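Structure data follow from data_24.csv (CSV, C-alpha atoms):
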chain,number,residue,atom,x,y,z
A,1177,MET,CA,-28.7,-4.6,30.4
A,1178,ARG,CA,-30.2,-7.1,32.9
A,1179,ASP,CA,-29.7,-8.4,36.4
A,1180,THR,CA,-30.3,-12.1,37.1
A,1181,THR,CA,-29.2,-14.7,39.7
A,1182,ASP,CA,-27.1,-17.9,39.3
A,1183,SER,CA,-30.1,-20.1,38.4
A,1184,CYS,CA,-33.1,-18.6,36.7
A,1185,ALA,CA,-34.6,-16.5,39.4
A,1186,PRO,CA,-37.7,-14.5,38.4
A,1187,VAL,CA,-37.1,-10.9,37.2
A,1188,ARG,CA,-39.2,-7.8,37.6
A,1189,HIS,CA,-39.5,-4.9,35.2
A,1190,SER,CA,-40.1,-1.5,36.9
A,1191,PRO,CA,-38.6,1.9,37.5
A,1192,SER,CA,-35.3,1.9,39.5
A,1193,VAL,CA,-35.5,5.2,41.5
A,1194,SER,CA,-38.7,7.2,42.1
A,1195,ARG,CA,-39.0,10.9,41.9
A,1196,ARG,CA,-41.2,10.6,45.0
A,1197,SER,CA,-38.1,9.2,46.9
A,1198,LEU,CA,-36.0,12.1,45.8
A,1199,LEU,CA,-38.6,14.6,47.1
A,1200,THR,CA,-38.7,12.7,50.4
A,1201,LEU,CA,-35.0,13.1,50.8
A,1202,ALA,CA,-35.0,16.7,49.7
A,1203,ALA,CA,-37.3,17.6,52.6
A,1204,ALA,CA,-34.8,16.3,55.1
A,1205,VAL,CA,-31.7,17.9,53.6
A,1206,PRO,CA,-31.7,21.5,55.1
A,1207,ALA,CA,-31.6,20.3,58.7
A,1208,ALA,CA,-29.1,17.6,57.9
A,1209,VAL,CA,-26.7,20.0,56.2
A,1210,ALA,CA,-26.9,22.3,59.2
A,1211,ALA,CA,-25.9,19.3,61.5
A,1212,ALA,CA,-23.2,17.9,59.3
A,1213,GLY,CA,-20.2,18.9,61.5
A,1214,GLY,CA,-17.3,18.0,59.1
A,1215,GLN,CA,-17.3,14.2,59.7
A,1216,ALA,CA,-15.9,13.4,56.2
A,1217,ASP,CA,-12.9,15.7,56.8
A,1218,ALA,CA,-12.2,13.9,60.1
A,1219,ALA,CA,-12.3,10.5,58.3
A,1220,ALA,CA,-10.1,11.7,55.5
A,1221,GLY,CA,-7.4,12.8,57.8
A,1222,ALA,CA,-7.8,10.0,60.3
A,1223,GLU,CA,-4.7,8.1,59.2
A,1224,GLY,CA,-2.5,11.1,58.8
A,1225,THR,CA,-1.2,9.9,55.4
A,1226,GLY,CA,-4.1,11.0,53.3
A,1227,VAL,CA,-4.9,7.3,52.6
A,1228,VAL,CA,-7.3,5.6,54.9
A,1229,GLY,CA,-5.6,2.5,56.3
A,1230,GLY,CA,-2.0,3.6,55.4
A,1231,GLU,CA,0.0,5.0,52.5
A,1232,ARG,CA,0.9,1.6,51.0
A,1233,LEU,CA,-2.8,0.8,50.4
A,1234,GLY,CA,-2.9,3.7,47.9
A,1235,ARG,CA,-0.2,2.4,45.7
A,1236,ASP,CA,-0.4,0.4,42.5
A,1237,GLY,CA,1.1,-3.1,42.4
A,1238,VAL,CA,1.0,-5.9,45.0
A,1239,GLN,CA,1.6,-4.7,48.5
A,1240,ALA,CA,3.0,-7.4,50.8
A,1241,SER,CA,5.9,-7.7,53.2
A,1242,ARG,CA,6.6,-11.1,51.8
A,1243,THR,CA,5.4,-12.6,48.6
A,1244,THR,CA,6.3,-16.1,49.4
A,1245,GLY,CA,3.5,-18.4,48.3
A,1246,LEU,CA,1.3,-15.5,47.0
A,1247,PRO,CA,-0.9,-16.9,44.3
A,1248,ARG,CA,0.5,-16.3,40.8
A,1249,HIS,CA,-1.6,-15.2,37.8
A,1250,LEU,CA,-4.3,-13.4,39.8
A,1251,THR,CA,-6.6,-11.7,37.4
A,1252,ALA,CA,-8.6,-9.5,39.8
A,1253,ARG,CA,-8.5,-5.8,39.2
A,1254,ALA,CA,-8.3,-5.3,43.0
A,1255,TRP,CA,-8.0,-7.6,46.1
A,1256,LEU,CA,-7.2,-7.5,49.8
A,1257,VAL,CA,-6.3,-10.0,52.6
A,1258,ALA,CA,-6.8,-8.9,56.2
A,1259,ASP,CA,-7.0,-10.3,59.7
A,1260,TRP,CA,-10.5,-9.9,61.1
A,1261,GLU,CA,-9.6,-9.4,64.7
A,1262,SER,CA,-6.5,-7.2,64.5
A,1263,GLY,CA,-7.6,-5.3,61.3
A,1264,GLU,CA,-4.1,-5.8,59.9
A,1265,VAL,CA,-4.0,-5.8,56.1
A,1266,LEU,CA,-1.6,-8.6,55.2
A,1267,ALA,CA,-1.5,-8.1,51.4
A,1268,SER,CA,-3.4,-6.1,48.8
A,1269,TYR,CA,-3.5,-5.0,45.2
A,1270,ARG,CA,-5.1,-1.6,44.4
A,1271,ALA,CA,-7.0,-1.7,47.6
A,1272,HIS,CA,-8.6,1.7,47.1
A,1273,ARG,CA,-9.4,1.4,43.4
A,1274,ARG,CA,-13.1,2.4,42.9
A,1275,LEU,CA,-15.0,-0.2,41.1
A,1276,ALA,CA,-18.7,-1.3,40.7
A,1277,PRO,CA,-19.5,-3.4,43.7
A,1278,ALA,CA,-22.6,-5.4,42.5
A,1279,SER,CA,-24.4,-7.2,45.3
A,1280,THR,CA,-21.5,-7.1,47.8
A,1281,LEU,CA,-22.9,-3.6,48.5
A,1282,LYS,CA,-25.7,-5.4,50.3
A,1283,MET,CA,-23.2,-5.9,53.2
A,1284,LEU,CA,-23.4,-2.1,53.8
A,1285,PHE,CA,-27.1,-2.2,53.5
A,1286,ALA,CA,-27.1,-4.8,56.3
A,1287,ASP,CA,-24.7,-2.8,58.4
A,1288,ALA,CA,-27.0,0.2,58.2
A,1289,VAL,CA,-30.5,-1.5,58.5
A,1290,LEU,CA,-30.2,-5.0,59.9
A,1291,PRO,CA,-30.0,-4.0,63.6
A,1292,LYS,CA,-33.1,-1.8,63.4
A,1293,PHE,CA,-35.8,-4.5,63.3
A,1294,PRO,CA,-36.3,-7.6,65.5
A,1295,ARG,CA,-36.1,-10.8,63.5
A,1296,THR,CA,-39.6,-11.9,64.6
A,1297,ARG,CA,-41.4,-8.7,63.3
A,1298,ARG,CA,-44.0,-9.5,60.7
A,1299,TYR,CA,-44.7,-7.4,57.6
A,1300,THR,CA,-47.3,-7.8,54.9
A,1301,VAL,CA,-45.9,-6.7,51.5
A,1302,THR,CA,-47.8,-4.3,49.2
A,1303,ALA,CA,-47.3,-3.7,45.5
A,1304,ALA,CA,-46.0,-0.2,46.4
A,1305,ASP,CA,-43.1,-1.9,48.3
A,1306,LEU,CA,-41.9,-3.5,45.1
A,1307,ALA,CA,-42.6,-0.6,42.7
A,1308,ASP,CA,-38.9,0.6,42.6
A,1309,VAL,CA,-37.2,-2.7,42.1
A,1310,PRO,CA,-35.0,-2.2,39.1
A,1311,ALA,CA,-35.9,-4.0,35.8
A,1312,GLY,CA,-34.2,-7.3,35.5
A,1313,SER,CA,-33.3,-7.6,39.2
A,1314,SER,CA,-32.4,-10.9,40.9
A,1315,LEU,CA,-35.4,-11.8,43.1
A,1316,VAL,CA,-36.0,-14.2,45.9
A,1317,GLY,CA,-39.8,-14.3,45.1
A,1318,VAL,CA,-41.4,-11.7,47.5
A,1319,GLU,CA,-45.1,-11.4,46.6
A,1320,PRO,CA,-47.6,-8.6,47.5
A,1321,GLY,CA,-50.2,-9.7,50.0
A,1322,ILE,CA,-47.9,-12.3,51.8
A,1323,THR,CA,-46.7,-11.7,55.3
A,1324,TYR,CA,-43.0,-12.3,56.0
A,1325,THR,CA,-40.9,-12.1,59.1
A,1326,VAL,CA,-37.9,-9.8,59.1
A,1327,GLU,CA,-35.7,-12.9,59.4
A,1328,GLN,CA,-37.2,-14.3,56.2
A,1329,LEU,CA,-36.6,-11.1,54.3
A,1330,TRP,CA,-33.0,-11.0,55.4
A,1331,GLN,CA,-32.6,-14.6,54.3
A,1332,GLY,CA,-33.8,-13.5,50.9
A,1333,VAL,CA,-31.2,-10.8,50.9
A,1334,PHE,CA,-28.2,-12.9,52.0
A,1335,LEU,CA,-29.0,-16.2,50.4
A,1336,ARG,CA,-30.6,-15.2,47.0
A,1337,SER,CA,-29.4,-11.6,46.8
A,1338,GLY,CA,-33.1,-10.7,46.3
A,1339,ASN,CA,-33.5,-7.1,45.4
A,1340,ASP,CA,-37.2,-7.5,46.1
A,1341,ALA,CA,-36.4,-8.3,49.7
A,1342,VAL,CA,-34.0,-5.3,49.9
A,1343,HIS,CA,-36.6,-2.9,48.7
A,1344,VAL,CA,-39.2,-4.2,51.2
A,1345,LEU,CA,-36.8,-3.7,54.0
A,1346,ALA,CA,-35.8,-0.3,52.7
A,1347,ARG,CA,-39.5,0.7,52.6
A,1348,MET,CA,-39.8,-0.4,56.2
A,1349,ASN,CA,-36.8,1.8,56.9
A,1350,GLY,CA,-38.4,4.9,55.6
A,1351,GLY,CA,-37.9,4.5,51.9
A,1352,ILE,CA,-35.2,4.1,49.3
A,1353,ALA,CA,-33.9,7.7,49.5
A,1354,ALA,CA,-33.6,7.6,53.3
A,1355,THR,CA,-31.9,4.2,53.2
A,1356,VAL,CA,-29.4,5.4,50.6
A,1357,ALA,CA,-28.6,8.4,52.8
A,1358,GLU,CA,-28.2,6.2,55.8
A,1359,MET,CA,-26.0,3.7,54.0
A,1360,GLN,CA,-23.8,6.6,52.8
A,1361,ALA,CA,-23.6,7.9,56.4
A,1362,THR,CA,-22.7,4.5,57.6
A,1363,ALA,CA,-19.9,4.2,55.0
A,1364,GLN,CA,-18.5,7.6,56.2
A,1365,ASP,CA,-18.6,6.4,59.8
A,1366,LEU,CA,-16.7,3.2,58.8
A,1367,GLN,CA,-14.2,5.4,57.0
A,1368,ALA,CA,-15.2,3.7,53.7
A,1369,LEU,CA,-14.5,6.8,51.7
A,1370,ASP,CA,-14.2,5.1,48.3
A,1371,THR,CA,-17.9,4.2,48.4
A,1372,HIS,CA,-20.7,6.1,46.7
A,1373,VAL,CA,-24.2,4.7,47.2
A,1374,VAL,CA,-26.9,5.2,44.6
A,1375,SER,CA,-29.2,2.3,45.4
A,1376,PRO,CA,-29.4,-0.1,48.4
A,1377,ASP,CA,-29.3,-3.3,46.3
A,1378,GLY,CA,-25.9,-2.9,44.6
A,1379,PHE,CA,-27.6,-2.7,41.1
A,1380,ASP,CA,-25.5,-1.1,38.4
A,1381,HIS,CA,-26.4,2.6,38.5
A,1382,PRO,CA,-24.0,5.3,37.2
A,1383,GLY,CA,-21.7,6.4,40.0
A,1384,GLN,CA,-22.3,3.5,42.3
A,1385,LEU,CA,-18.8,2.5,43.4
A,1386,SER,CA,-16.8,0.9,46.2
A,1387,SER,CA,-13.4,-0.7,46.7
A,1388,ALA,CA,-11.8,-3.8,48.0
A,1389,TYR,CA,-10.8,-1.9,51.1
A,1390,ASP,CA,-14.3,-0.6,51.7
A,1391,LEU,CA,-16.0,-3.9,51.1
A,1392,THR,CA,-13.7,-5.5,53.6
A,1393,LEU,CA,-14.6,-2.9,56.1
A,1394,PHE,CA,-18.3,-3.6,55.6
A,1395,ALA,CA,-17.7,-7.4,56.1
A,1396,ARG,CA,-15.6,-6.8,59.2
A,1397,HIS,CA,-18.2,-4.6,60.8
A,1398,GLY,CA,-21.1,-6.9,59.8
A,1399,LEU,CA,-19.4,-10.0,61.3
A,1400,ARG,CA,-19.5,-8.3,64.7
A,1401,ASN,CA,-23.3,-8.8,64.7
A,1402,ALA,CA,-24.5,-12.3,65.4
A,1403,ASP,CA,-27.5,-12.0,63.1
A,1404,PHE,CA,-25.4,-10.9,60.2
A,1405,ARG,CA,-23.0,-13.9,60.8
A,1406,GLY,CA,-26.0,-16.2,61.0
A,1407,TYR,CA,-27.6,-15.0,57.8
A,1408,CYS,CA,-24.4,-15.0,55.7
A,1409,GLY,CA,-23.5,-18.5,56.8
A,1410,THR,CA,-26.9,-20.1,56.2
A,1411,ARG,CA,-26.8,-22.5,53.3
A,1412,THR,CA,-30.5,-23.2,52.8
A,1413,ALA,CA,-33.8,-21.9,54.2
A,1414,ARG,CA,-37.5,-22.2,53.6
A,1415,PHE,CA,-39.2,-19.1,52.1
A,1416,PRO,CA,-42.9,-18.3,52.1
A,1417,GLY,CA,-44.8,-18.7,48.8
A,1418,ARG,CA,-48.4,-18.5,47.7
A,1419,ASP,CA,-51.3,-20.4,49.4
A,1420,GLY,CA,-49.3,-20.9,52.6
A,1421,ARG,CA,-46.7,-23.0,50.9
A,1422,THR,CA,-42.9,-22.6,51.3
A,1423,PHE,CA,-40.0,-23.3,48.9
A,1424,GLN,CA,-36.3,-23.9,49.5
A,1425,ILE,CA,-33.8,-21.2,48.7
A,1426,GLN,CA,-30.1,-21.9,48.6
A,1427,ASN,CA,-27.1,-19.5,49.2
A,1428,THR,CA,-25.5,-18.5,45.9
A,1429,ASP,CA,-22.0,-18.3,47.6
A,1430,ARG,CA,-20.3,-21.2,45.9
A,1431,LEU,CA,-17.5,-21.5,48.4
A,1432,LEU,CA,-20.0,-21.9,51.1
A,1433,THR,CA,-22.3,-24.5,49.4
A,1434,GLY,CA,-19.8,-26.2,47.1
A,1435,THR,CA,-21.7,-25.9,43.9
A,1436,TRP,CA,-20.8,-25.3,40.2
A,1437,GLY,CA,-17.8,-27.7,40.4
A,1438,LEU,CA,-16.3,-26.2,43.6
A,1439,LYS,CA,-15.8,-27.8,46.9
A,1440,PRO,CA,-16.9,-26.0,50.1
A,1441,TYR,CA,-14.0,-24.0,51.5
A,1442,GLY,CA,-13.0,-25.4,54.9
A,1443,GLY,CA,-13.9,-23.0,57.7
A,1444,LEU,CA,-15.8,-20.5,55.5
A,1445,ILE,CA,-18.4,-18.4,57.4
A,1446,GLY,CA,-19.7,-16.1,54.6
A,1447,VAL,CA,-19.8,-13.3,53.5
A,1448,LYS,CA,-21.3,-12.0,50.2
A,1449,ASN,CA,-20.9,-12.5,46.5
A,1450,GLY,CA,-22.2,-10.5,43.5
A,1451,TYR,CA,-22.2,-10.3,39.7
A,1452,THR,CA,-23.3,-7.8,37.1
A,1453,SER,CA,-22.3,-7.5,33.5
A,1454,HIS,CA,-20.8,-4.1,34.3
A,1455,ALA,CA,-19.1,-5.1,37.6
A,1456,GLY,CA,-18.2,-8.6,36.7
A,1457,ASN,CA,-17.8,-10.9,39.7
A,1458,THR,CA,-17.1,-9.5,43.2
A,1459,PHE,CA,-16.8,-11.4,46.4
A,1460,THR,CA,-15.9,-10.9,50.1
A,1461,GLY,CA,-15.3,-14.1,52.0
A,1462,ALA,CA,-14.3,-14.9,55.6
A,1463,ALA,CA,-13.0,-18.1,57.0
A,1464,VAL,CA,-11.7,-19.4,60.3
A,1465,ARG,CA,-8.8,-21.8,60.8
A,1466,GLY,CA,-6.8,-22.5,64.0
A,1467,GLY,CA,-8.7,-19.8,65.9
A,1468,ARG,CA,-7.8,-17.1,63.3
A,1469,THR,CA,-10.3,-15.4,61.1
A,1470,LEU,CA,-9.2,-13.9,57.7
A,1471,LEU,CA,-11.1,-11.7,55.3
A,1472,VAL,CA,-10.5,-11.6,51.6
A,1473,THR,CA,-12.1,-9.4,49.0
A,1474,VAL,CA,-11.7,-10.0,45.2
A,1475,MET,CA,-13.1,-7.6,42.6
A,1476,HIS,CA,-13.5,-8.0,38.9
A,1477,PRO,CA,-11.3,-11.1,38.0
A,1478,ALA,CA,-11.2,-12.5,34.5
A,1479,PRO,CA,-14.8,-13.2,33.3
A,1480,GLY,CA,-16.4,-16.6,33.3
A,1481,GLY,CA,-16.2,-19.7,35.4
A,1482,ASN,CA,-15.3,-19.7,39.1
A,1483,ALA,CA,-12.4,-17.2,39.0
A,1484,VAL,CA,-13.7,-15.0,41.8
A,1485,TYR,CA,-14.1,-18.0,44.2
A,1486,GLU,CA,-10.8,-19.7,43.1
A,1487,GLU,CA,-8.8,-16.5,43.6
A,1488,THR,CA,-10.5,-15.9,47.0
A,1489,ALA,CA,-9.7,-19.4,48.1
A,1490,ALA,CA,-6.1,-19.1,46.9
A,1491,LEU,CA,-5.6,-15.8,48.9
A,1492,LEU,CA,-7.2,-17.4,52.0
A,1493,ASP,CA,-4.8,-20.3,51.7
A,1494,TRP,CA,-1.9,-17.9,51.5
A,1495,GLY,CA,-3.1,-16.0,54.5
A,1496,PHE,CA,-3.5,-19.0,56.7
A,1497,THR,CA,-0.2,-20.5,55.6
A,1498,HIS,CA,2.0,-17.4,55.5
A,1499,GLY,CA,0.0,-14.6,57.0
A,1500,SER,CA,1.1,-15.1,60.6
A,1501,SER,CA,4.7,-14.2,59.6
A,1502,ALA,CA,3.8,-11.4,57.3
A,1503,ARG,CA,4.1,-7.8,58.5
A,1504,ALA,CA,1.1,-5.6,58.0
A,1505,VAL,CA,1.1,-3.3,55.0
A,1506,GLY,CA,-1.9,-1.3,56.3
A,1507,THR,CA,-4.9,-1.5,58.6
A,1508,LEU,CA,-8.6,-1.7,58.5
A,1509,ALA,CA,-9.9,1.6,60.0
A,1510,GLU,CA,-12.2,1.5,63.0
A,1511,PRO,CA,-15.6,3.4,62.9
A,1512,LEU,CA,-15.4,7.0,63.9
A,1513,SER,CA,-18.3,6.5,66.2
A,1514,GLU,CA,-16.4,3.7,67.9
A,1515,ARG,CA,-13.5,6.0,68.6
A,1516,ARG,CA,-15.9,8.3,70.3
A,1517,THR,CA,-17.4,5.4,72.3
A,1518,GLN,CA,-13.9,4.3,73.4
A,1519,ALA,CA,-13.1,7.9,74.5
A,1520,GLY,CA,-16.0,7.6,77.0
A,1521,GLY,CA,-15.5,3.9,77.9
A,1522,ALA,CA,-14.7,1.0,75.6
A,1523,PRO,CA,-17.3,-1.7,75.0
A,1524,GLY,CA,-16.6,-5.3,75.6
A,1525,LYS,CA,-14.7,-7.5,73.2
A,1526,GLN,CA,-16.7,-8.8,70.3
A,1527,ALA,CA,-17.3,-12.6,69.9
A,1528,ALA,CA,-15.3,-14.4,67.2
A,1529,PRO,CA,-17.3,-14.5,64.0
A,1530,GLY,CA,-17.1,-18.3,63.6
A,1531,GLY,CA,-18.5,-19.2,67.0
A,1532,ALA,CA,-21.9,-17.5,67.5
A,1533,THR,CA,-24.4,-19.1,65.2
A,1534,GLY,CA,-27.0,-21.6,66.3
A,1535,ALA,CA,-27.9,-25.0,64.7
A,1536,ALA,CA,-27.7,-25.1,60.9
A,1537,GLY,CA,-26.3,-21.6,60.8
A,1538,ALA,CA,-29.4,-19.9,62.2
A,1539,PRO,CA,-28.7,-16.5,63.8
A,1540,ALA,CA,-28.3,-16.6,67.5
A,1541,GLY,CA,-28.1,-13.9,70.2
A,1542,ASP,CA,-27.5,-10.2,69.6
A,1543,ARG,CA,-31.2,-9.4,69.1
A,1544,GLY,CA,-30.8,-5.7,69.8
A,1545,PRO,CA,-29.0,-3.0,67.9
A,1546,SER,CA,-25.3,-3.5,67.6
A,1547,ALA,CA,-23.1,-1.2,69.7
A,1548,TRP,CA,-20.7,-1.0,66.7
A,1549,ARG,CA,-23.1,0.6,64.2
A,1550,LEU,CA,-23.6,4.2,63.4
A,1551,LEU,CA,-26.0,5.8,66.0
A,1552,GLU,CA,-29.3,6.9,64.4
A,1553,GLY,CA,-29.8,10.6,64.2
A,1554,GLY,CA,-26.1,11.4,64.7
A,1555,ALA,CA,-24.2,13.9,62.8
A,1556,GLY,CA,-22.9,11.3,60.3
A,1557,THR,CA,-26.4,10.4,59.1
A,1558,ALA,CA,-27.3,14.1,58.7
A,1559,ALA,CA,-24.1,14.9,56.9
A,1560,LEU,CA,-24.9,12.3,54.2
A,1561,LEU,CA,-28.5,13.1,53.5
A,1562,ALA,CA,-27.3,15.8,51.2
A,1563,GLY,CA,-25.0,13.3,49.5
A,1564,GLY,CA,-27.9,10.9,49.0
A,1565,LEU,CA,-30.0,13.7,47.4
A,1566,TRP,CA,-27.1,14.5,45.0
A,1567,ALA,CA,-26.8,10.9,44.0
A,1568,LEU,CA,-30.5,10.5,43.3
A,1569,ARG,CA,-30.7,13.9,41.5
A,1570,ARG,CA,-27.7,12.8,39.3
A,1571,ARG,CA,-29.5,9.5,38.6
A,1572,LEU,CA,-32.7,11.2,37.5
A,1573,ARG,CA,-30.9,13.7,35.3
A,1574,SER,CA,-28.7,11.2,33.6
A,1575,PRO,CA,-29.3,10.3,29.9
A,1576,ALA,CA,-30.1,6.8,30.9
A,1577,ALA,CA,-32.8,7.9,33.3
A,1578,ALA,CA,-34.2,10.4,30.8
A,1579,SER,CA,-34.5,7.6,28.2
A,1580,GLY,CA,-36.1,5.1,30.7
A,1581,GLN,CA,-33.0,2.8,30.9
A,1582,SER,CA,-32.2,1.1,34.2
A,1583,GLY,CA,-28.5,1.5,33.9
A,1584,GLY,CA,-28.4,-2.0,35.3
A,1585,GLY,CA,-26.2,-5.0,34.7
A,1586,ARG,CA,-26.7,-8.7,34.4
A,1587,HIS,CA,-26.5,-10.2,37.9
A,1588,ARG,CA,-25.3,-13.7,38.5
A,1589,ARG,CA,-24.4,-14.0,42.2
Transcribe the structure of this file into structure tokens.
Amino acid sequence: MRDTTDSCAPVRHSPSVSRRSLLTLAAAVPAAVAAAGGQADAAAGAEGTGVVGGERLGRDGVQASRTTGLPRHLTARAWLVADWESGEVLASYRAHRRLAPASTLKMLFADAVLPKFPRTRRYTVTAADLADVPAGSSLVGVEPGITYTVEQLWQGVFLRSGNDAVHVLARMNGGIAATVAEMQATAQDLQALDTHVVSPDGFDHPGQLSSAYDLTLFARHGLRNADFRGYCGTRTARFPGRDGRTFQIQNTDRLLTGTWGLKPYGGLIGVKNGYTSHAGNTFTGAAVRGGRTLLVTVMHPAPGGNAVYEETAALLDWGFTHGSSARAVGTLAEPLSERRTQAGGAPGKQAAPGGATGAAGAPAGDRGPSAWRLLEGGAGTAALLAGGLWALRRRLRSPAAASGQSGGGRHRR
């Protein structure tokens, strides 16, 4: 099984998860477990129905107060339409169904790690930084010995879904194991309880799962950060190469760029696409029309062609046409840490996601850590260190790991 991008990106063959990373995490677990504090239980009961976001989101079948104009013949195994500002879920289908997320999981990686490093920070990559990139991964072309800015690495993550860029940033963040644990803790804080993180890049590993509901939470949270908005809305960028040269990289989001026979979707501002042979296509998109921002997540439609983008566009069209008169069937949960913040004094209202990018989609403003992200060192991060250890242990003990298989899929973002 392999993992490639849309158009012939280089691939790397190497181990996927190091035992060294597992040992690093193991050393941190005892103190973390002692500090856990039952955050998962608080999240699970937050909505009072046993289903985060509301009881209807746990049902099979299409959930909508009105089906007028809803696209027919949708093939996705799960999908969701929500209002970004209010958090109202306008329609859904198997919102909490746990499925392989592919590279849409990189939104959670960005939620956890992006606010931690200034965009102008420079980092010289070593071979060790790339040693754990899974065999067959989609790559942006990061090379040992070349110095990159953090901004360039994030462009590699968002535009080309580069697992090499993800692993470099994860190493800067303390390593793969620590980053996996932090991502899991961030998911818990966001009340994304369907998500189980095994690797930071979204590659197909046994047990790596998310849901349409959770992916929409990750996108909503990320779009509150101006740098996240800028990166996911950037169409092209120059990326460092050898001998001081640069080369152009293009965003693989076909609704944003209008490629592979599709027209750009009017008002689209991101967010993230993904593909593996196991996951099929996944996509979360956000668009603005008439001052309203909608989020749509589509997971695992019929294989081949542009189905994931066409079904996303059709659901966005429905939301903009009929969503204003549709009653909510559920809600996107707010972060637990935000509830605690509001108890002590609410932060200011966040900027609309479509209006805070600079020229050509470059990130603007919001240089410091986001007030909406999980605070480092909090009980949530500690509680999930043990979960990260369990995930890595499970990976290393699996038959695929024992036989040297990557457990990966074929990526085409």
May I have the residues within 9 Å of Glu1510 of chain A as a CSV table (one decimal) with C-alpha atoms, keeping the file's coordinate frame, using only C-alpha atoms and disregarding those fewer than 3 positions away in the same chain?
chain,number,residue,atom,x,y,z
A,1263,GLY,CA,-7.6,-5.3,61.3
A,1365,ASP,CA,-18.6,6.4,59.8
A,1366,LEU,CA,-16.7,3.2,58.8
A,1367,GLN,CA,-14.2,5.4,57.0
A,1393,LEU,CA,-14.6,-2.9,56.1
A,1397,HIS,CA,-18.2,-4.6,60.8
A,1513,SER,CA,-18.3,6.5,66.2
A,1514,GLU,CA,-16.4,3.7,67.9
A,1515,ARG,CA,-13.5,6.0,68.6
Within 12 Å of Gly1317 of chain A using only C-alpha atoms, minus same-chain residues under 3 positions, as a VMD selection string: chain A and resid 1181 1184 to 1188 1301 1306 1313 to 1314 1320 1322 1324 1328 to 1329 1331 to 1333 1336 to 1342 1344 1414 to 1418 1422 to 1425
Output C-alpha atoms for every residue in that selection, as a PDB file, keeping the file's coordinate frame.
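Listed below is the output, again.pdb:
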ATOM      1  CA  THR A1181     -29.200 -14.700  39.700  1.00  0.00           C
ATOM      2  CA  CYS A1184     -33.100 -18.600  36.700  1.00  0.00           C
ATOM      3  CA  ALA A1185     -34.600 -16.500  39.400  1.00  0.00           C
ATOM      4  CA  PRO A1186     -37.700 -14.500  38.400  1.00  0.00           C
ATOM      5  CA  VAL A1187     -37.100 -10.900  37.200  1.00  0.00           C
ATOM      6  CA  ARG A1188     -39.200  -7.800  37.600  1.00  0.00           C
ATOM      7  CA  VAL A1301     -45.900  -6.700  51.500  1.00  0.00           C
ATOM      8  CA  LEU A1306     -41.900  -3.500  45.100  1.00  0.00           C
ATOM      9  CA  SER A1313     -33.300  -7.600  39.200  1.00  0.00           C
ATOM     10  CA  SER A1314     -32.400 -10.900  40.900  1.00  0.00           C
ATOM     11  CA  PRO A1320     -47.600  -8.600  47.500  1.00  0.00           C
ATOM     12  CA  ILE A1322     -47.900 -12.300  51.800  1.00  0.00           C
ATOM     13  CA  TYR A1324     -43.000 -12.300  56.000  1.00  0.00           C
ATOM     14  CA  GLN A1328     -37.200 -14.300  56.200  1.00  0.00           C
ATOM     15  CA  LEU A1329     -36.600 -11.100  54.300  1.00  0.00           C
ATOM     16  CA  GLN A1331     -32.600 -14.600  54.300  1.00  0.00           C
ATOM     17  CA  GLY A1332     -33.800 -13.500  50.900  1.00  0.00           C
ATOM     18  CA  VAL A1333     -31.200 -10.800  50.900  1.00  0.00           C
ATOM     19  CA  ARG A1336     -30.600 -15.200  47.000  1.00  0.00           C
ATOM     20  CA  SER A1337     -29.400 -11.600  46.800  1.00  0.00           C
ATOM     21  CA  GLY A1338     -33.100 -10.700  46.300  1.00  0.00           C
ATOM     22  CA  ASN A1339     -33.500  -7.100  45.400  1.00  0.00           C
ATOM     23  CA  ASP A1340     -37.200  -7.500  46.100  1.00  0.00           C
ATOM     24  CA  ALA A1341     -36.400  -8.300  49.700  1.00  0.00           C
ATOM     25  CA  VAL A1342     -34.000  -5.300  49.900  1.00  0.00           C
ATOM     26  CA  VAL A1344     -39.200  -4.200  51.200  1.00  0.00           C
ATOM     27  CA  ARG A1414     -37.500 -22.200  53.600  1.00  0.00           C
ATOM     28  CA  PHE A1415     -39.200 -19.100  52.100  1.00  0.00           C
ATOM     29  CA  PRO A1416     -42.900 -18.300  52.100  1.00  0.00           C
ATOM     30  CA  GLY A1417     -44.800 -18.700  48.800  1.00  0.00           C
ATOM     31  CA  ARG A1418     -48.400 -18.500  47.700  1.00  0.00           C
ATOM     32  CA  THR A1422     -42.900 -22.600  51.300  1.00  0.00           C
ATOM     33  CA  PHE A1423     -40.000 -23.300  48.900  1.00  0.00           C
ATOM     34  CA  GLN A1424     -36.300 -23.900  49.500  1.00  0.00           C
ATOM     35  CA  ILE A1425     -33.800 -21.200  48.700  1.00  0.00           C
TER      36      ILE A1425
END
Coordinates-based distance that separates atom CA of Glu1327 of chain A from atom CA of Gly1443 of chain A (Å, one decimal): 24.1 Å
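When only C-alpha atoms are used to compute distances to Ala1502 of chain A, the closest of the residues A:Arg1242, A:Arg1232, A:Lys1448, A:Arg1468 turns out to be A:Arg1242.
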Which is closer to Gly1481 of chain A than all the others in A:Ile1445, A:Leu1438, A:Leu1345, A:Ala1455, using only C-alpha atoms?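 So, comparing all the options, the nearest one is A:Leu1438.
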Please indicate the distance in Å from atom CA of Tyr1451 of chain A to atom CA of Asn1401 of chain A, rounded to one decimal place. 25.1 Å
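Between atom CA of Asn1427 of chain A and atom CA of Ala1368 of chain A there is a distance of 26.5 Å.
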Distance query segment 1243-1260 of chain A at most 9 Å, only C-alpha atoms, self and fewer than 6 positions along chain excluded, as a VMD selection string: chain A and resid 1266 to 1273 1275 1387 to 1389 1392 1396 1399 1462 1468 to 1478 1483 to 1484 1487 to 1488 1490 to 1492 1494 to 1495 1497 to 1499 1502 1504 1507 to 1508 1528 to 1529
